[in-house]
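Colleague: Coordinates in model-v2.cif, mmCIF, N, CA and C atoms, are listed below.
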```cif
data_data
loop_
_atom_site.label_atom_id
_atom_site.label_comp_id
_atom_site.auth_asym_id
_atom_site.auth_seq_id
_atom_site.Cartn_x
_atom_site.Cartn_y
_atom_site.Cartn_z
N MET J 4 98.27 91.62 144.78
CA MET J 4 97.84 92.18 143.52
C MET J 4 97.99 93.69 143.57
N LYS J 5 98.51 94.27 142.50
CA LYS J 5 98.67 95.72 142.37
C LYS J 5 97.39 96.29 141.75
N ASN J 6 96.90 97.35 142.33
CA ASN J 6 95.70 98.01 141.85
C ASN J 6 96.06 99.26 141.06
N ILE J 7 95.71 99.25 139.78
CA ILE J 7 95.97 100.37 138.88
C ILE J 7 94.64 101.07 138.61
N LEU J 8 94.61 102.36 138.89
CA LEU J 8 93.43 103.16 138.60
C LEU J 8 93.69 104.00 137.37
N VAL J 9 92.88 103.81 136.34
CA VAL J 9 92.96 104.62 135.13
C VAL J 9 91.73 105.53 135.14
N ILE J 10 91.97 106.83 135.15
CA ILE J 10 90.88 107.79 135.13
C ILE J 10 90.78 108.37 133.73
N GLY J 11 89.70 108.05 133.06
CA GLY J 11 89.48 108.50 131.69
C GLY J 11 89.62 107.33 130.74
N ALA J 12 88.61 107.14 129.90
CA ALA J 12 88.62 106.02 128.96
C ALA J 12 88.37 106.48 127.53
N GLY J 13 88.73 107.71 127.24
CA GLY J 13 88.55 108.26 125.90
C GLY J 13 89.51 107.65 124.89
N ARG J 14 89.50 108.20 123.69
CA ARG J 14 90.30 107.65 122.59
C ARG J 14 91.78 107.47 122.92
N SER J 15 92.36 108.45 123.60
CA SER J 15 93.79 108.35 123.89
C SER J 15 94.10 107.32 124.98
N ALA J 16 93.09 106.84 125.68
CA ALA J 16 93.31 105.88 126.76
C ALA J 16 93.13 104.43 126.33
N VAL J 17 92.47 104.20 125.21
CA VAL J 17 92.10 102.84 124.81
C VAL J 17 93.31 101.92 124.65
N THR J 18 94.35 102.40 123.99
CA THR J 18 95.55 101.57 123.78
C THR J 18 96.23 101.27 125.12
N LEU J 19 96.31 102.26 125.98
CA LEU J 19 96.89 102.06 127.31
C LEU J 19 96.11 101.00 128.09
N ILE J 20 94.80 101.13 128.10
CA ILE J 20 93.97 100.18 128.85
C ILE J 20 94.13 98.78 128.29
N LYS J 21 94.15 98.66 126.97
CA LYS J 21 94.36 97.35 126.35
C LYS J 21 95.70 96.76 126.77
N TYR J 22 96.75 97.57 126.75
CA TYR J 22 98.08 97.10 127.17
C TYR J 22 98.04 96.61 128.62
N LEU J 23 97.45 97.40 129.49
CA LEU J 23 97.40 97.01 130.91
C LEU J 23 96.64 95.70 131.08
N LEU J 24 95.51 95.57 130.41
CA LEU J 24 94.71 94.34 130.54
C LEU J 24 95.41 93.15 129.89
N ASP J 25 96.08 93.37 128.76
CA ASP J 25 96.82 92.28 128.10
C ASP J 25 97.93 91.73 129.00
N ASN J 26 98.43 92.56 129.90
CA ASN J 26 99.53 92.15 130.78
C ASN J 26 99.10 91.97 132.23
N ALA J 27 97.83 92.10 132.50
CA ALA J 27 97.32 92.08 133.88
C ALA J 27 97.49 90.72 134.56
N LEU J 28 97.17 89.66 133.89
CA LEU J 28 97.27 88.33 134.52
C LEU J 28 98.72 88.00 134.86
N GLU J 29 99.60 88.21 133.89
CA GLU J 29 101.02 87.91 134.08
C GLU J 29 101.65 88.72 135.21
N ASN J 30 101.22 89.96 135.35
CA ASN J 30 101.82 90.86 136.33
C ASN J 30 101.00 91.02 137.61
N ASN J 31 99.89 90.29 137.69
CA ASN J 31 99.03 90.34 138.87
C ASN J 31 98.50 91.76 139.13
N TRP J 32 97.95 92.36 138.06
CA TRP J 32 97.39 93.69 138.14
C TRP J 32 95.87 93.63 138.14
N ASN J 33 95.27 94.47 138.93
CA ASN J 33 93.84 94.74 138.87
C ASN J 33 93.70 96.14 138.27
N VAL J 34 93.00 96.25 137.15
CA VAL J 34 92.89 97.51 136.43
C VAL J 34 91.46 98.04 136.54
N ARG J 35 91.32 99.16 137.25
CA ARG J 35 90.01 99.81 137.37
C ARG J 35 90.00 101.03 136.47
N VAL J 36 88.96 101.13 135.66
CA VAL J 36 88.85 102.23 134.72
C VAL J 36 87.58 103.02 135.03
N GLY J 37 87.77 104.29 135.33
CA GLY J 37 86.64 105.16 135.61
C GLY J 37 86.53 106.25 134.58
N ASP J 38 85.30 106.54 134.19
CA ASP J 38 85.07 107.59 133.21
C ASP J 38 83.69 108.19 133.46
N PHE J 39 83.51 109.43 133.00
CA PHE J 39 82.21 110.09 133.13
C PHE J 39 81.15 109.36 132.32
N SER J 40 81.59 108.58 131.33
CA SER J 40 80.71 107.68 130.58
C SER J 40 81.02 106.25 131.01
N GLU J 41 80.15 105.68 131.82
CA GLU J 41 80.37 104.31 132.28
C GLU J 41 80.42 103.35 131.09
N ASP J 42 79.61 103.61 130.07
CA ASP J 42 79.62 102.76 128.87
C ASP J 42 80.99 102.76 128.19
N LEU J 43 81.61 103.91 128.12
CA LEU J 43 82.94 104.02 127.52
C LEU J 43 83.96 103.22 128.33
N ALA J 44 83.88 103.32 129.65
CA ALA J 44 84.79 102.56 130.52
C ALA J 44 84.55 101.06 130.36
N LYS J 45 83.29 100.65 130.28
CA LYS J 45 82.97 99.23 130.11
C LYS J 45 83.45 98.71 128.76
N LYS J 46 83.31 99.54 127.74
CA LYS J 46 83.79 99.14 126.41
C LYS J 46 85.30 98.94 126.43
N ALA J 47 86.02 99.79 127.15
CA ALA J 47 87.48 99.71 127.22
C ALA J 47 87.95 98.47 127.99
N THR J 48 87.23 98.08 129.03
CA THR J 48 87.67 96.93 129.84
C THR J 48 87.09 95.61 129.35
N GLY J 49 85.98 95.66 128.65
CA GLY J 49 85.36 94.42 128.18
C GLY J 49 85.00 93.51 129.33
N VAL J 50 85.24 92.23 129.15
CA VAL J 50 84.92 91.24 130.19
C VAL J 50 86.19 90.66 130.82
N HIS J 51 87.27 91.40 130.74
CA HIS J 51 88.54 90.91 131.27
C HIS J 51 88.41 90.63 132.77
N PRO J 52 88.91 89.48 133.24
CA PRO J 52 88.77 89.14 134.67
C PRO J 52 89.53 90.08 135.61
N ASN J 53 90.54 90.77 135.10
CA ASN J 53 91.31 91.69 135.95
C ASN J 53 90.96 93.15 135.67
N GLY J 54 89.87 93.37 134.95
CA GLY J 54 89.45 94.72 134.65
C GLY J 54 88.07 95.00 135.18
N SER J 55 87.84 96.23 135.59
CA SER J 55 86.51 96.65 135.99
C SER J 55 86.31 98.10 135.59
N ALA J 56 85.07 98.44 135.31
CA ALA J 56 84.74 99.78 134.85
C ALA J 56 83.70 100.38 135.78
N PHE J 57 83.74 101.70 135.90
CA PHE J 57 82.77 102.37 136.76
C PHE J 57 82.58 103.81 136.34
N LEU J 58 81.45 104.36 136.70
CA LEU J 58 81.14 105.76 136.47
C LEU J 58 82.01 106.59 137.40
N PHE J 59 82.70 107.57 136.85
CA PHE J 59 83.61 108.38 137.67
C PHE J 59 83.41 109.85 137.36
N ASP J 60 83.26 110.64 138.42
CA ASP J 60 83.15 112.09 138.31
C ASP J 60 84.32 112.69 139.07
N VAL J 61 85.26 113.27 138.37
CA VAL J 61 86.47 113.83 138.99
C VAL J 61 86.14 114.91 140.01
N PHE J 62 84.96 115.52 139.90
CA PHE J 62 84.59 116.57 140.83
C PHE J 62 83.83 116.06 142.06
N ASN J 63 83.61 114.74 142.13
CA ASN J 63 82.99 114.13 143.30
C ASN J 63 84.13 113.80 144.27
N ASP J 64 84.36 114.67 145.25
CA ASP J 64 85.50 114.54 146.16
C ASP J 64 85.54 113.19 146.86
N ASN J 65 84.40 112.75 147.38
CA ASN J 65 84.37 111.49 148.13
C ASN J 65 84.74 110.30 147.25
N GLN J 66 84.17 110.25 146.06
CA GLN J 66 84.48 109.14 145.15
C GLN J 66 85.94 109.19 144.72
N ARG J 67 86.41 110.38 144.36
CA ARG J 67 87.80 110.52 143.89
C ARG J 67 88.78 110.07 144.97
N ILE J 68 88.56 110.51 146.18
CA ILE J 68 89.46 110.15 147.28
C ILE J 68 89.39 108.64 147.57
N LEU J 69 88.20 108.07 147.53
CA LEU J 69 88.05 106.63 147.77
C LEU J 69 88.79 105.83 146.70
N GLU J 70 88.59 106.18 145.44
CA GLU J 70 89.22 105.43 144.36
C GLU J 70 90.75 105.56 144.41
N ILE J 71 91.24 106.76 144.64
CA ILE J 71 92.69 106.96 144.72
C ILE J 71 93.25 106.22 145.93
N SER J 72 92.53 106.23 147.04
CA SER J 72 92.99 105.53 148.25
C SER J 72 93.19 104.04 148.01
N ASN J 73 92.33 103.46 147.17
CA ASN J 73 92.39 102.02 146.92
C ASN J 73 93.38 101.62 145.83
N ALA J 74 94.03 102.59 145.23
CA ALA J 74 94.96 102.31 144.13
C ALA J 74 96.40 102.30 144.62
N ASP J 75 97.23 101.52 143.92
CA ASP J 75 98.67 101.57 144.15
C ASP J 75 99.30 102.64 143.27
N ILE J 76 98.71 102.85 142.11
CA ILE J 76 99.18 103.86 141.16
C ILE J 76 97.97 104.39 140.39
N VAL J 77 98.02 105.67 140.06
CA VAL J 77 96.93 106.32 139.34
C VAL J 77 97.47 106.81 138.00
N ILE J 78 96.71 106.54 136.94
CA ILE J 78 97.04 107.04 135.62
C ILE J 78 95.87 107.93 135.20
N SER J 79 96.14 109.21 135.06
CA SER J 79 95.09 110.14 134.66
C SER J 79 95.16 110.41 133.17
N MET J 80 94.09 110.05 132.49
CA MET J 80 93.96 110.31 131.07
C MET J 80 92.90 111.39 130.84
N LEU J 81 92.67 112.17 131.86
CA LEU J 81 91.72 113.28 131.78
C LEU J 81 92.33 114.43 130.98
N PRO J 82 91.51 115.40 130.61
CA PRO J 82 92.09 116.61 130.02
C PRO J 82 93.05 117.25 131.02
N ALA J 83 94.08 117.87 130.51
CA ALA J 83 95.17 118.41 131.34
C ALA J 83 94.68 119.31 132.48
N SER J 84 93.64 120.08 132.22
CA SER J 84 93.16 121.01 133.25
C SER J 84 92.58 120.31 134.48
N LYS J 85 92.26 119.04 134.35
CA LYS J 85 91.66 118.29 135.47
C LYS J 85 92.68 117.47 136.26
N HIS J 86 93.93 117.44 135.82
CA HIS J 86 94.94 116.64 136.52
C HIS J 86 95.24 117.15 137.93
N VAL J 87 95.19 118.46 138.11
CA VAL J 87 95.68 119.02 139.37
C VAL J 87 94.88 118.52 140.57
N VAL J 88 93.57 118.41 140.46
CA VAL J 88 92.77 117.93 141.59
C VAL J 88 93.13 116.48 141.92
N VAL J 89 93.40 115.69 140.89
CA VAL J 89 93.83 114.29 141.09
C VAL J 89 95.22 114.27 141.72
N ALA J 90 96.11 115.11 141.20
CA ALA J 90 97.49 115.16 141.72
C ALA J 90 97.52 115.58 143.19
N GLN J 91 96.71 116.55 143.54
CA GLN J 91 96.67 116.99 144.94
C GLN J 91 96.27 115.85 145.86
N ASP J 92 95.26 115.08 145.46
CA ASP J 92 94.84 113.93 146.26
C ASP J 92 95.92 112.86 146.29
N CYS J 93 96.58 112.63 145.18
CA CYS J 93 97.64 111.63 145.13
C CYS J 93 98.76 111.98 146.11
N VAL J 94 99.11 113.26 146.19
CA VAL J 94 100.15 113.69 147.12
C VAL J 94 99.68 113.46 148.56
N LYS J 95 98.46 113.90 148.86
CA LYS J 95 97.92 113.73 150.22
C LYS J 95 97.84 112.26 150.63
N LEU J 96 97.45 111.41 149.67
CA LEU J 96 97.23 110.00 149.95
C LEU J 96 98.46 109.14 149.68
N LYS J 97 99.55 109.79 149.25
CA LYS J 97 100.82 109.12 148.96
C LYS J 97 100.67 108.02 147.91
N LYS J 98 100.08 108.43 146.79
CA LYS J 98 99.90 107.54 145.64
C LYS J 98 100.61 108.14 144.44
N HIS J 99 101.29 107.32 143.68
CA HIS J 99 102.00 107.77 142.50
C HIS J 99 101.00 108.10 141.38
N LEU J 100 101.35 109.08 140.55
CA LEU J 100 100.48 109.54 139.47
C LEU J 100 101.26 109.63 138.16
N ILE J 101 100.65 109.15 137.10
CA ILE J 101 101.21 109.25 135.76
C ILE J 101 100.19 109.94 134.87
N THR J 102 100.66 110.89 134.06
CA THR J 102 99.81 111.53 133.05
C THR J 102 100.61 111.66 131.76
N ALA J 103 99.89 111.93 130.68
CA ALA J 103 100.55 112.17 129.40
C ALA J 103 100.67 113.66 129.12
N SER J 104 100.14 114.47 130.01
CA SER J 104 100.11 115.92 129.77
C SER J 104 101.40 116.60 130.17
N TYR J 105 101.59 117.79 129.60
CA TYR J 105 102.72 118.61 129.98
C TYR J 105 102.56 119.07 131.42
N VAL J 106 103.66 119.44 132.04
CA VAL J 106 103.64 119.92 133.43
C VAL J 106 103.08 121.34 133.45
N SER J 107 101.95 121.51 134.12
CA SER J 107 101.35 122.83 134.25
C SER J 107 101.97 123.54 135.46
N LYS J 108 101.69 124.82 135.59
CA LYS J 108 102.19 125.57 136.76
C LYS J 108 101.64 124.96 138.05
N GLU J 109 100.37 124.54 138.00
CA GLU J 109 99.74 123.96 139.20
C GLU J 109 100.37 122.62 139.58
N ILE J 110 100.66 121.81 138.60
CA ILE J 110 101.33 120.52 138.88
C ILE J 110 102.75 120.78 139.35
N ASN J 111 103.44 121.72 138.72
CA ASN J 111 104.81 122.05 139.12
C ASN J 111 104.87 122.51 140.57
N ALA J 112 103.83 123.21 141.02
CA ALA J 112 103.78 123.67 142.41
C ALA J 112 103.68 122.52 143.40
N LEU J 113 103.31 121.34 142.93
CA LEU J 113 103.21 120.16 143.79
C LEU J 113 104.51 119.37 143.86
N ASP J 114 105.53 119.83 143.15
CA ASP J 114 106.79 119.08 143.09
C ASP J 114 107.40 118.85 144.47
N LEU J 115 107.59 119.89 145.23
CA LEU J 115 108.19 119.73 146.56
C LEU J 115 107.30 118.92 147.50
N PRO J 116 106.00 119.23 147.62
CA PRO J 116 105.16 118.40 148.47
C PRO J 116 105.17 116.92 148.06
N ALA J 117 105.20 116.65 146.74
CA ALA J 117 105.24 115.27 146.27
C ALA J 117 106.54 114.59 146.69
N LYS J 118 107.64 115.30 146.53
CA LYS J 118 108.94 114.73 146.94
C LYS J 118 108.96 114.47 148.44
N GLN J 119 108.42 115.41 149.22
CA GLN J 119 108.38 115.23 150.67
C GLN J 119 107.51 114.05 151.06
N ALA J 120 106.48 113.78 150.27
CA ALA J 120 105.58 112.65 150.55
C ALA J 120 106.10 111.35 149.96
N GLY J 121 107.20 111.42 149.19
CA GLY J 121 107.73 110.21 148.55
C GLY J 121 106.87 109.76 147.39
N VAL J 122 106.21 110.71 146.73
CA VAL J 122 105.29 110.40 145.64
C VAL J 122 105.88 110.86 144.31
N LEU J 123 105.73 110.02 143.32
CA LEU J 123 106.17 110.33 141.97
C LEU J 123 105.00 110.92 141.18
N LEU J 124 105.17 112.13 140.69
CA LEU J 124 104.22 112.73 139.75
C LEU J 124 104.92 112.74 138.40
N LEU J 125 104.61 111.78 137.57
CA LEU J 125 105.30 111.58 136.30
C LEU J 125 104.41 112.06 135.16
N ASN J 126 104.82 113.17 134.56
CA ASN J 126 104.05 113.79 133.48
C ASN J 126 104.78 113.64 132.15
N GLU J 127 104.08 114.01 131.11
CA GLU J 127 104.64 114.01 129.75
C GLU J 127 105.09 112.62 129.32
N ILE J 128 104.32 111.62 129.70
CA ILE J 128 104.62 110.25 129.31
C ILE J 128 103.73 109.90 128.11
N GLY J 129 104.32 109.82 126.97
CA GLY J 129 103.59 109.53 125.74
C GLY J 129 104.44 109.93 124.56
N LEU J 130 103.89 109.79 123.40
CA LEU J 130 104.63 110.14 122.19
C LEU J 130 104.70 111.65 122.04
N ASP J 131 105.85 112.12 121.63
CA ASP J 131 105.99 113.52 121.29
C ASP J 131 105.17 113.76 120.02
N PRO J 132 104.34 114.79 120.01
CA PRO J 132 103.53 115.02 118.81
C PRO J 132 104.37 115.11 117.53
N GLY J 133 105.61 115.55 117.64
CA GLY J 133 106.47 115.64 116.47
C GLY J 133 106.70 114.30 115.81
N ILE J 134 106.73 113.23 116.60
CA ILE J 134 106.91 111.88 116.04
C ILE J 134 105.73 111.54 115.14
N ASP J 135 104.52 111.85 115.59
CA ASP J 135 103.33 111.59 114.79
C ASP J 135 103.39 112.33 113.47
N HIS J 136 103.77 113.61 113.52
CA HIS J 136 103.83 114.41 112.30
C HIS J 136 104.92 113.90 111.35
N MET J 137 106.05 113.52 111.90
CA MET J 137 107.13 113.00 111.06
C MET J 137 106.71 111.67 110.42
N SER J 138 106.03 110.81 111.16
CA SER J 138 105.55 109.54 110.62
C SER J 138 104.56 109.77 109.50
N ALA J 139 103.64 110.72 109.72
CA ALA J 139 102.65 111.01 108.69
C ALA J 139 103.33 111.55 107.43
N MET J 140 104.29 112.42 107.58
CA MET J 140 104.99 112.97 106.43
C MET J 140 105.77 111.88 105.70
N SER J 141 106.32 110.94 106.43
CA SER J 141 107.04 109.83 105.80
C SER J 141 106.09 109.01 104.92
N VAL J 142 104.90 108.75 105.42
CA VAL J 142 103.91 108.01 104.64
C VAL J 142 103.49 108.82 103.42
N ILE J 143 103.22 110.09 103.61
CA ILE J 143 102.81 110.97 102.50
C ILE J 143 103.91 111.02 101.43
N ASP J 144 105.16 111.19 101.87
CA ASP J 144 106.28 111.22 100.92
C ASP J 144 106.39 109.92 100.16
N GLY J 145 106.16 108.80 100.86
CA GLY J 145 106.21 107.49 100.20
C GLY J 145 105.13 107.33 99.15
N VAL J 146 103.95 107.84 99.44
CA VAL J 146 102.84 107.77 98.49
C VAL J 146 103.14 108.64 97.27
N LYS J 147 103.71 109.82 97.51
CA LYS J 147 104.03 110.73 96.42
C LYS J 147 105.07 110.11 95.49
N GLU J 148 106.03 109.40 96.04
CA GLU J 148 107.07 108.77 95.23
C GLU J 148 106.47 107.68 94.36
#
```
Could the structure of this file be written out as C-alpha cells, please?
Modeller:
Amino acid sequence: MKNILVIGAGRSAVTLIKYLLDNALENNWNVRVGDFSEDLAKKATGVHPNGSAFLFDVFNDNQRILEISNADIVISMLPASKHVVVAQDCVKLKKHLITASYVSKEINALDLPAKQAGVLLLNEIGLDPGIDHMSAMSVIDGVKE
C-alpha cells in the first residue's frame, strides 16, 4: 500500500482529498490528512476506510518528521510560506513532495540537494489562475448575451 500524506485540509485541498479517496481502493492508497484543525481534516476524509485525519502542526518538528517518514509521497496544501520546512524534511528523508505553489527562492535553493537525494520537488501543480478568470468571463459574457 502506498502512503500519501496530505498536509492541509482547507478549501483548496478538499477536491484533491476527495479525488485521492475516490481512487484509494483501486490504487491501494492510504491517505493521511493532517491539518491544524483536526475537525477540518476529519470532515475532508469522512469515514473512508483508506483515509485518516489527524491534528497536525507544521512547526512541531518531531511530528512533522514522523509523518513525512511514514509517507511515500507528501502533498503540501499549506500556505506557500510554510512549504520550505516540509520540503527540507522531504529532501533529508528522501520523500517526494508536491505543492500547488509557485517556486520560491527557498524552494529553488533545494533543487540541487533534492536532485542529489533522488527526490522530486514538484511545484506549481494546479490550475493557472488565468484559466479561472477566463472561465468566469466566458460565463459572464454568456449571461450578457
Colleague: So what does the PyMOL selection byres ((chain J and resi 55) around 6) actually pick up in this one, as an MDAnalysis selection string?
Modeller: chainID J and resid 34:36 48 53:54 56:57
Colleague: Since I can't run it myself right now, could you work out what the PyMOL selection byres ((chain J and resi 96-108) around 7) selects here and report it as a PDB file with N, CA and C atoms, in the frame of the given file?
Modeller:
```pdb
ATOM      1  N   ILE J  71      91.240 106.760 144.640  1.00  0.00           N
ATOM      2  CA  ILE J  71      92.690 106.960 144.720  1.00  0.00           C
ATOM      3  C   ILE J  71      93.250 106.220 145.930  1.00  0.00           C
ATOM      4  N   SER J  72      92.530 106.230 147.040  1.00  0.00           N
ATOM      5  CA  SER J  72      92.990 105.530 148.250  1.00  0.00           C
ATOM      6  C   SER J  72      93.190 104.040 148.010  1.00  0.00           C
ATOM      7  N   ALA J  74      94.030 102.590 145.230  1.00  0.00           N
ATOM      8  CA  ALA J  74      94.960 102.310 144.130  1.00  0.00           C
ATOM      9  C   ALA J  74      96.400 102.300 144.620  1.00  0.00           C
ATOM     10  N   ASP J  75      97.230 101.520 143.920  1.00  0.00           N
ATOM     11  CA  ASP J  75      98.670 101.570 144.150  1.00  0.00           C
ATOM     12  C   ASP J  75      99.300 102.640 143.270  1.00  0.00           C
ATOM     13  N   ILE J  76      98.710 102.850 142.110  1.00  0.00           N
ATOM     14  CA  ILE J  76      99.180 103.860 141.160  1.00  0.00           C
ATOM     15  C   ILE J  76      97.970 104.390 140.390  1.00  0.00           C
ATOM     16  N   VAL J  77      98.020 105.670 140.060  1.00  0.00           N
ATOM     17  CA  VAL J  77      96.930 106.320 139.340  1.00  0.00           C
ATOM     18  C   VAL J  77      97.470 106.810 138.000  1.00  0.00           C
ATOM     19  N   ILE J  78      96.710 106.540 136.940  1.00  0.00           N
ATOM     20  CA  ILE J  78      97.040 107.040 135.620  1.00  0.00           C
ATOM     21  C   ILE J  78      95.870 107.930 135.200  1.00  0.00           C
ATOM     22  N   SER J  79      96.140 109.210 135.060  1.00  0.00           N
ATOM     23  CA  SER J  79      95.090 110.140 134.660  1.00  0.00           C
ATOM     24  C   SER J  79      95.160 110.410 133.170  1.00  0.00           C
ATOM     25  N   MET J  80      94.090 110.050 132.490  1.00  0.00           N
ATOM     26  CA  MET J  80      93.960 110.310 131.070  1.00  0.00           C
ATOM     27  C   MET J  80      92.900 111.390 130.840  1.00  0.00           C
ATOM     28  N   ALA J  83      94.080 117.870 130.510  1.00  0.00           N
ATOM     29  CA  ALA J  83      95.170 118.410 131.340  1.00  0.00           C
ATOM     30  C   ALA J  83      94.680 119.310 132.480  1.00  0.00           C
ATOM     31  N   ALA J  90      96.110 115.110 141.200  1.00  0.00           N
ATOM     32  CA  ALA J  90      97.490 115.160 141.720  1.00  0.00           C
ATOM     33  C   ALA J  90      97.520 115.580 143.190  1.00  0.00           C
ATOM     34  N   GLN J  91      96.710 116.550 143.540  1.00  0.00           N
ATOM     35  CA  GLN J  91      96.670 116.990 144.940  1.00  0.00           C
ATOM     36  C   GLN J  91      96.270 115.850 145.860  1.00  0.00           C
ATOM     37  N   ASP J  92      95.260 115.080 145.460  1.00  0.00           N
ATOM     38  CA  ASP J  92      94.840 113.930 146.260  1.00  0.00           C
ATOM     39  C   ASP J  92      95.920 112.860 146.290  1.00  0.00           C
ATOM     40  N   CYS J  93      96.580 112.630 145.180  1.00  0.00           N
ATOM     41  CA  CYS J  93      97.640 111.630 145.130  1.00  0.00           C
ATOM     42  C   CYS J  93      98.760 111.980 146.110  1.00  0.00           C
ATOM     43  N   VAL J  94      99.110 113.260 146.190  1.00  0.00           N
ATOM     44  CA  VAL J  94     100.150 113.690 147.120  1.00  0.00           C
ATOM     45  C   VAL J  94      99.680 113.460 148.560  1.00  0.00           C
ATOM     46  N   LYS J  95      98.460 113.900 148.860  1.00  0.00           N
ATOM     47  CA  LYS J  95      97.920 113.730 150.220  1.00  0.00           C
ATOM     48  C   LYS J  95      97.840 112.260 150.630  1.00  0.00           C
ATOM     49  N   GLU J 109     100.370 124.540 138.000  1.00  0.00           N
ATOM     50  CA  GLU J 109      99.740 123.960 139.200  1.00  0.00           C
ATOM     51  C   GLU J 109     100.370 122.620 139.580  1.00  0.00           C
ATOM     52  N   ILE J 110     100.660 121.810 138.600  1.00  0.00           N
ATOM     53  CA  ILE J 110     101.330 120.520 138.880  1.00  0.00           C
ATOM     54  C   ILE J 110     102.750 120.780 139.350  1.00  0.00           C
ATOM     55  N   ASN J 111     103.440 121.720 138.720  1.00  0.00           N
ATOM     56  CA  ASN J 111     104.810 122.050 139.120  1.00  0.00           C
ATOM     57  C   ASN J 111     104.870 122.510 140.570  1.00  0.00           C
ATOM     58  N   ALA J 112     103.830 123.210 141.020  1.00  0.00           N
ATOM     59  CA  ALA J 112     103.780 123.670 142.410  1.00  0.00           C
ATOM     60  C   ALA J 112     103.680 122.520 143.400  1.00  0.00           C
ATOM     61  N   LEU J 113     103.310 121.340 142.930  1.00  0.00           N
ATOM     62  CA  LEU J 113     103.210 120.160 143.790  1.00  0.00           C
ATOM     63  C   LEU J 113     104.510 119.370 143.860  1.00  0.00           C
ATOM     64  N   ALA J 120     106.480 113.780 150.270  1.00  0.00           N
ATOM     65  CA  ALA J 120     105.580 112.650 150.550  1.00  0.00           C
ATOM     66  C   ALA J 120     106.100 111.350 149.960  1.00  0.00           C
ATOM     67  N   GLY J 121     107.200 111.420 149.190  1.00  0.00           N
ATOM     68  CA  GLY J 121     107.730 110.210 148.550  1.00  0.00           C
ATOM     69  C   GLY J 121     106.870 109.760 147.390  1.00  0.00           C
ATOM     70  N   VAL J 122     106.210 110.710 146.730  1.00  0.00           N
ATOM     71  CA  VAL J 122     105.290 110.400 145.640  1.00  0.00           C
ATOM     72  C   VAL J 122     105.880 110.860 144.310  1.00  0.00           C
ATOM     73  N   LEU J 123     105.730 110.020 143.320  1.00  0.00           N
ATOM     74  CA  LEU J 123     106.170 110.330 141.970  1.00  0.00           C
ATOM     75  C   LEU J 123     105.000 110.920 141.180  1.00  0.00           C
ATOM     76  N   LEU J 124     105.170 112.130 140.690  1.00  0.00           N
ATOM     77  CA  LEU J 124     104.220 112.730 139.750  1.00  0.00           C
ATOM     78  C   LEU J 124     104.920 112.740 138.400  1.00  0.00           C
ATOM     79  N   LEU J 125     104.610 111.780 137.570  1.00  0.00           N
ATOM     80  CA  LEU J 125     105.300 111.580 136.300  1.00  0.00           C
ATOM     81  C   LEU J 125     104.410 112.060 135.160  1.00  0.00           C
ATOM     82  N   ASN J 126     104.820 113.170 134.560  1.00  0.00           N
ATOM     83  CA  ASN J 126     104.050 113.790 133.480  1.00  0.00           C
ATOM     84  C   ASN J 126     104.780 113.640 132.150  1.00  0.00           C
ATOM     85  N   GLU J 127     104.080 114.010 131.110  1.00  0.00           N
ATOM     86  CA  GLU J 127     104.640 114.010 129.750  1.00  0.00           C
ATOM     87  C   GLU J 127     105.090 112.620 129.320  1.00  0.00           C
ATOM     88  N   ILE J 128     104.320 111.620 129.700  1.00  0.00           N
ATOM     89  CA  ILE J 128     104.620 110.250 129.310  1.00  0.00           C
ATOM     90  C   ILE J 128     103.730 109.900 128.110  1.00  0.00           C
ATOM     91  N   GLY J 129     104.320 109.820 126.970  1.00  0.00           N
ATOM     92  CA  GLY J 129     103.590 109.530 125.740  1.00  0.00           C
ATOM     93  C   GLY J 129     104.440 109.930 124.560  1.00  0.00           C
TER      94      GLY J 129
END
```
Colleague: For CA of Gly49 in chain J and CA of Ile20 in chain J, determine how far apart the two atoms are, in Å to one decimal place.
Modeller: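 Distance reported for this atom pair: 10.4 Å.
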Colleague: What are the centre and edge lengths in Å, to one decimal, of the axis-aligned box around all listed atoms of range 35-42 of chain J with 3 Å added on each side, as lines of an AutoDock Vina configuration file?
Modeller:
```
center_x = 85.5
center_y = 104.6
center_z = 132.8
size_x = 17.7
size_y = 16.9
size_z = 15.2
```
Colleague: Apply the PyMOL selection byres ((chain J and resi 44) around 8) to the structure shown and report the selected residues as a ChimeraX atom specification.
Modeller: /J:11-13,36-43,45-49,55-58
Colleague: For CA of Asn33 in chain J and CA of Leu81 in chain J, quote the distance in Å rounded to one decimal.
Modeller: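 Taking CA of Asn33 in chain J and CA of Leu81 in chain J, their separation equals 20.0 Å.
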